[in-house]
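So the structure is just underneath, and the comments pick up after that.
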Amino acid sequence: MKEKNGRRFGKFNIVDLIIIIVIVLVAIAVVFKFTGGNNASSAATKLTYTVRVDGVQPAVYEDLQKWIPGDKLMASGDILPAQVTAVTAEPHASTATLSTANGTLQLPLQDDLLDLTFTIEADISNTVINELGTQEVRIGKTHIVKTQHFELANGVIQTCEWTEPGAE
């Protein structure tokens, strides 16, 4: 079956066959990389977490309430699989401590500010890094609450609760 010039499989020799197999394997690897591979293991886990943002002007709080619940989170211009489901407010307890020879004195600072707590629900596909857009979601991390309609920086994640797929 061997032809002249070392060809064994018609118009292809063994080197040609190896190159074709390598190209096919690389193509399959690229497809798995961009599609997430096995769909059975890529089911999203629901993550519900809270973010506290301190020192917000009352007018900002009043205005952002019209977008909640349901305002979608964003990152780098993309809509994320997450939304703000609730927000609560409490007075901001901001004081400065001044030590004197007679003891300490607590001085209130801008007492009209609010501390907001946002409840956010997200679908996370990788629970190892808990990445949502460009931010990792972990208790104690700083977090920007950025939606289609508002953005508040310097929040701190207070709680996280994961619900496995199918466990609802």
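Starting from 1 in every chain, residues are counted up; chains themselves are A, B, ... following the order of the structure tokens, and ligands are numbered from 1 as listed.
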
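Neighbouring residues of Gln148 in chain A at 8 Å or closer, counting only C-alpha atoms and skipping chain neighbours under 3 positions away, are Asp71, Lys72, Leu73, Met74 and Ile79 of chain A.
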
Can you spit out the residues from that selection as a PDB file, in the first residue's frame, using N, CA and C atoms?
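The result, written out as out.pdb:
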```
ATOM      1  N   ASP A  71     -32.284  45.946  39.973  1.00  0.00           N
ATOM      2  CA  ASP A  71     -31.250  46.616  39.188  1.00  0.00           C
ATOM      3  C   ASP A  71     -30.056  45.668  38.998  1.00  0.00           C
ATOM      4  N   LYS A  72     -29.684  45.428  37.750  1.00  0.00           N
ATOM      5  CA  LYS A  72     -28.610  44.488  37.415  1.00  0.00           C
ATOM      6  C   LYS A  72     -27.243  45.095  37.689  1.00  0.00           C
ATOM      7  N   LEU A  73     -26.314  44.254  38.163  1.00  0.00           N
ATOM      8  CA  LEU A  73     -24.944  44.688  38.374  1.00  0.00           C
ATOM      9  C   LEU A  73     -24.202  44.742  37.050  1.00  0.00           C
ATOM     10  N   MET A  74     -23.170  45.591  37.014  1.00  0.00           N
ATOM     11  CA  MET A  74     -22.355  45.766  35.815  1.00  0.00           C
ATOM     12  C   MET A  74     -20.874  45.724  36.165  1.00  0.00           C
ATOM     13  N   ILE A  79     -23.382  43.661  31.501  1.00  0.00           N
ATOM     14  CA  ILE A  79     -24.379  43.298  32.498  1.00  0.00           C
ATOM     15  C   ILE A  79     -23.972  41.947  33.085  1.00  0.00           C
TER      16      ILE A  79
END
```

Discussion item. Residues within 10 Å of Val137 in chain A, please, as a VMD selection string. Count only C-alpha atoms; anything in the same chain fewer than 2 positions from it doesn't count.
Written reply: chain A and resid 47 49 51 124 127 129 to 135 139 to 143 156 to 157 159 to 160

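CA of His149 in chain A is positioned 23.3 Å from CA of Asp112 in chain A.
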
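Of the residues under consideration (A:Arg52, A:Asp78, A:Ser125, A:Phe118), A:Phe118 shows the shortest atom-to-atom contact distance to Leu64 in chain A when counting only C-alpha atoms.
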
Worksheet entry | Near-Gln83 in chain A list (9 Å; only C-alpha atoms; drop same-chain fewer than 6 positions) as an NGL selection string | :A and (68-73 or 119-122 or 147)

Among chain A, which ones does DSSP assign to strand (DSSP E or B) (computed from the backbone)? Answer as a PDB file with C-alpha atoms, in the first residue's frame.
```pdb
ATOM      1  CA  PHE A   9      -2.825   6.958   3.122  1.00  0.00           C
ATOM      2  CA  PHE A  12      -1.345  11.974   3.100  1.00  0.00           C
ATOM      3  CA  THR A  45     -24.530  28.374  42.086  1.00  0.00           C
ATOM      4  CA  LYS A  46     -26.770  31.053  43.539  1.00  0.00           C
ATOM      5  CA  LEU A  47     -24.836  33.398  45.814  1.00  0.00           C
ATOM      6  CA  THR A  48     -26.685  35.827  48.053  1.00  0.00           C
ATOM      7  CA  TYR A  49     -24.488  38.371  49.773  1.00  0.00           C
ATOM      8  CA  THR A  50     -24.745  41.698  51.577  1.00  0.00           C
ATOM      9  CA  VAL A  51     -22.568  44.758  51.126  1.00  0.00           C
ATOM     10  CA  ARG A  52     -22.417  47.633  53.610  1.00  0.00           C
ATOM     11  CA  VAL A  53     -21.570  51.092  52.283  1.00  0.00           C
ATOM     12  CA  ASP A  54     -21.004  53.708  54.987  1.00  0.00           C
ATOM     13  CA  GLY A  55     -21.516  57.462  54.851  1.00  0.00           C
ATOM     14  CA  VAL A  56     -24.011  57.877  52.000  1.00  0.00           C
ATOM     15  CA  ASP A  71     -31.250  46.616  39.188  1.00  0.00           C
ATOM     16  CA  LYS A  72     -28.610  44.488  37.415  1.00  0.00           C
ATOM     17  CA  LEU A  73     -24.944  44.688  38.374  1.00  0.00           C
ATOM     18  CA  MET A  74     -22.355  45.766  35.815  1.00  0.00           C
ATOM     19  CA  ALA A  75     -18.604  45.485  35.284  1.00  0.00           C
ATOM     20  CA  ASP A  78     -21.199  44.333  30.692  1.00  0.00           C
ATOM     21  CA  ILE A  79     -24.379  43.298  32.498  1.00  0.00           C
ATOM     22  CA  LEU A  80     -23.639  40.589  35.082  1.00  0.00           C
ATOM     23  CA  PRO A  81     -25.834  37.658  36.197  1.00  0.00           C
ATOM     24  CA  ALA A  82     -26.572  39.484  39.454  1.00  0.00           C
ATOM     25  CA  GLN A  83     -29.064  41.983  40.807  1.00  0.00           C
ATOM     26  CA  VAL A  84     -29.673  44.125  43.866  1.00  0.00           C
ATOM     27  CA  THR A  85     -32.744  42.707  45.611  1.00  0.00           C
ATOM     28  CA  ALA A  86     -32.957  45.011  48.634  1.00  0.00           C
ATOM     29  CA  VAL A  87     -31.356  47.947  50.421  1.00  0.00           C
ATOM     30  CA  THR A  88     -31.733  49.081  54.022  1.00  0.00           C
ATOM     31  CA  ALA A  89     -30.479  52.249  55.701  1.00  0.00           C
ATOM     32  CA  GLU A  90     -29.486  53.210  59.213  1.00  0.00           C
ATOM     33  CA  PRO A  91     -28.020  56.436  60.596  1.00  0.00           C
ATOM     34  CA  THR A  95     -17.669  60.424  65.775  1.00  0.00           C
ATOM     35  CA  ALA A  96     -14.214  61.737  66.414  1.00  0.00           C
ATOM     36  CA  THR A  97     -12.507  61.007  69.703  1.00  0.00           C
ATOM     37  CA  LEU A  98     -10.535  63.800  71.293  1.00  0.00           C
ATOM     38  CA  SER A  99      -8.307  62.933  74.242  1.00  0.00           C
ATOM     39  CA  THR A 100      -7.912  65.659  76.828  1.00  0.00           C
ATOM     40  CA  GLY A 103     -10.638  62.311  79.654  1.00  0.00           C
ATOM     41  CA  THR A 104     -11.973  61.756  76.153  1.00  0.00           C
ATOM     42  CA  LEU A 105     -14.553  63.709  74.262  1.00  0.00           C
ATOM     43  CA  GLN A 106     -16.715  62.227  71.473  1.00  0.00           C
ATOM     44  CA  LEU A 107     -17.522  64.742  68.721  1.00  0.00           C
ATOM     45  CA  PRO A 108     -20.207  63.901  66.128  1.00  0.00           C
ATOM     46  CA  LEU A 114     -26.605  56.913  56.202  1.00  0.00           C
ATOM     47  CA  ASP A 115     -25.035  53.461  56.226  1.00  0.00           C
ATOM     48  CA  LEU A 116     -26.619  51.311  53.497  1.00  0.00           C
ATOM     49  CA  THR A 117     -26.755  47.521  53.359  1.00  0.00           C
ATOM     50  CA  PHE A 118     -27.407  46.041  49.910  1.00  0.00           C
ATOM     51  CA  THR A 119     -28.627  42.476  49.394  1.00  0.00           C
ATOM     52  CA  ILE A 120     -27.386  41.071  46.097  1.00  0.00           C
ATOM     53  CA  GLU A 121     -28.246  37.780  44.385  1.00  0.00           C
ATOM     54  CA  ALA A 122     -25.824  36.417  41.797  1.00  0.00           C
ATOM     55  CA  ASP A 123     -25.272  33.297  39.717  1.00  0.00           C
ATOM     56  CA  ILE A 124     -21.674  32.156  40.180  1.00  0.00           C
ATOM     57  CA  GLU A 131     -15.761  35.964  40.800  1.00  0.00           C
ATOM     58  CA  LEU A 132     -18.529  38.296  39.724  1.00  0.00           C
ATOM     59  CA  GLN A 135     -14.576  41.398  41.653  1.00  0.00           C
ATOM     60  CA  GLU A 136     -14.144  38.404  43.934  1.00  0.00           C
ATOM     61  CA  THR A 142     -14.159  45.706  49.701  1.00  0.00           C
ATOM     62  CA  HIS A 143     -16.765  45.777  46.967  1.00  0.00           C
ATOM     63  CA  ILE A 144     -18.109  48.324  44.508  1.00  0.00           C
ATOM     64  CA  VAL A 145     -21.894  48.153  44.121  1.00  0.00           C
ATOM     65  CA  LYS A 146     -22.191  49.170  40.467  1.00  0.00           C
ATOM     66  CA  THR A 147     -25.482  48.764  38.636  1.00  0.00           C
ATOM     67  CA  GLU A 151     -22.401  53.146  41.720  1.00  0.00           C
ATOM     68  CA  LEU A 152     -21.186  53.213  45.311  1.00  0.00           C
ATOM     69  CA  ALA A 153     -17.567  52.434  46.141  1.00  0.00           C
ATOM     70  CA  ASN A 154     -15.842  51.298  49.341  1.00  0.00           C
ATOM     71  CA  GLY A 155     -18.502  48.827  50.405  1.00  0.00           C
ATOM     72  CA  VAL A 156     -17.524  45.839  52.527  1.00  0.00           C
ATOM     73  CA  ILE A 157     -19.050  42.392  52.033  1.00  0.00           C
ATOM     74  CA  GLN A 158     -20.760  41.399  55.281  1.00  0.00           C
ATOM     75  CA  THR A 159     -22.337  37.997  54.540  1.00  0.00           C
ATOM     76  CA  CYS A 160     -22.306  35.303  51.827  1.00  0.00           C
ATOM     77  CA  GLU A 161     -24.687  32.375  51.412  1.00  0.00           C
ATOM     78  CA  TRP A 162     -24.315  29.806  48.646  1.00  0.00           C
ATOM     79  CA  THR A 163     -27.189  27.674  47.311  1.00  0.00           C
TER      80      THR A 163
END
```

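Among the residues of range 42-141 of chain A, backbone DSSP assigns alpha helix (DSSP H) to Pro58, Ala59, Val60, Tyr61, Glu62, Asp63 and Leu64 of chain A.
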
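CA of Lys33 in chain A is positioned 13.8 Å from CA of Asn126 in chain A.
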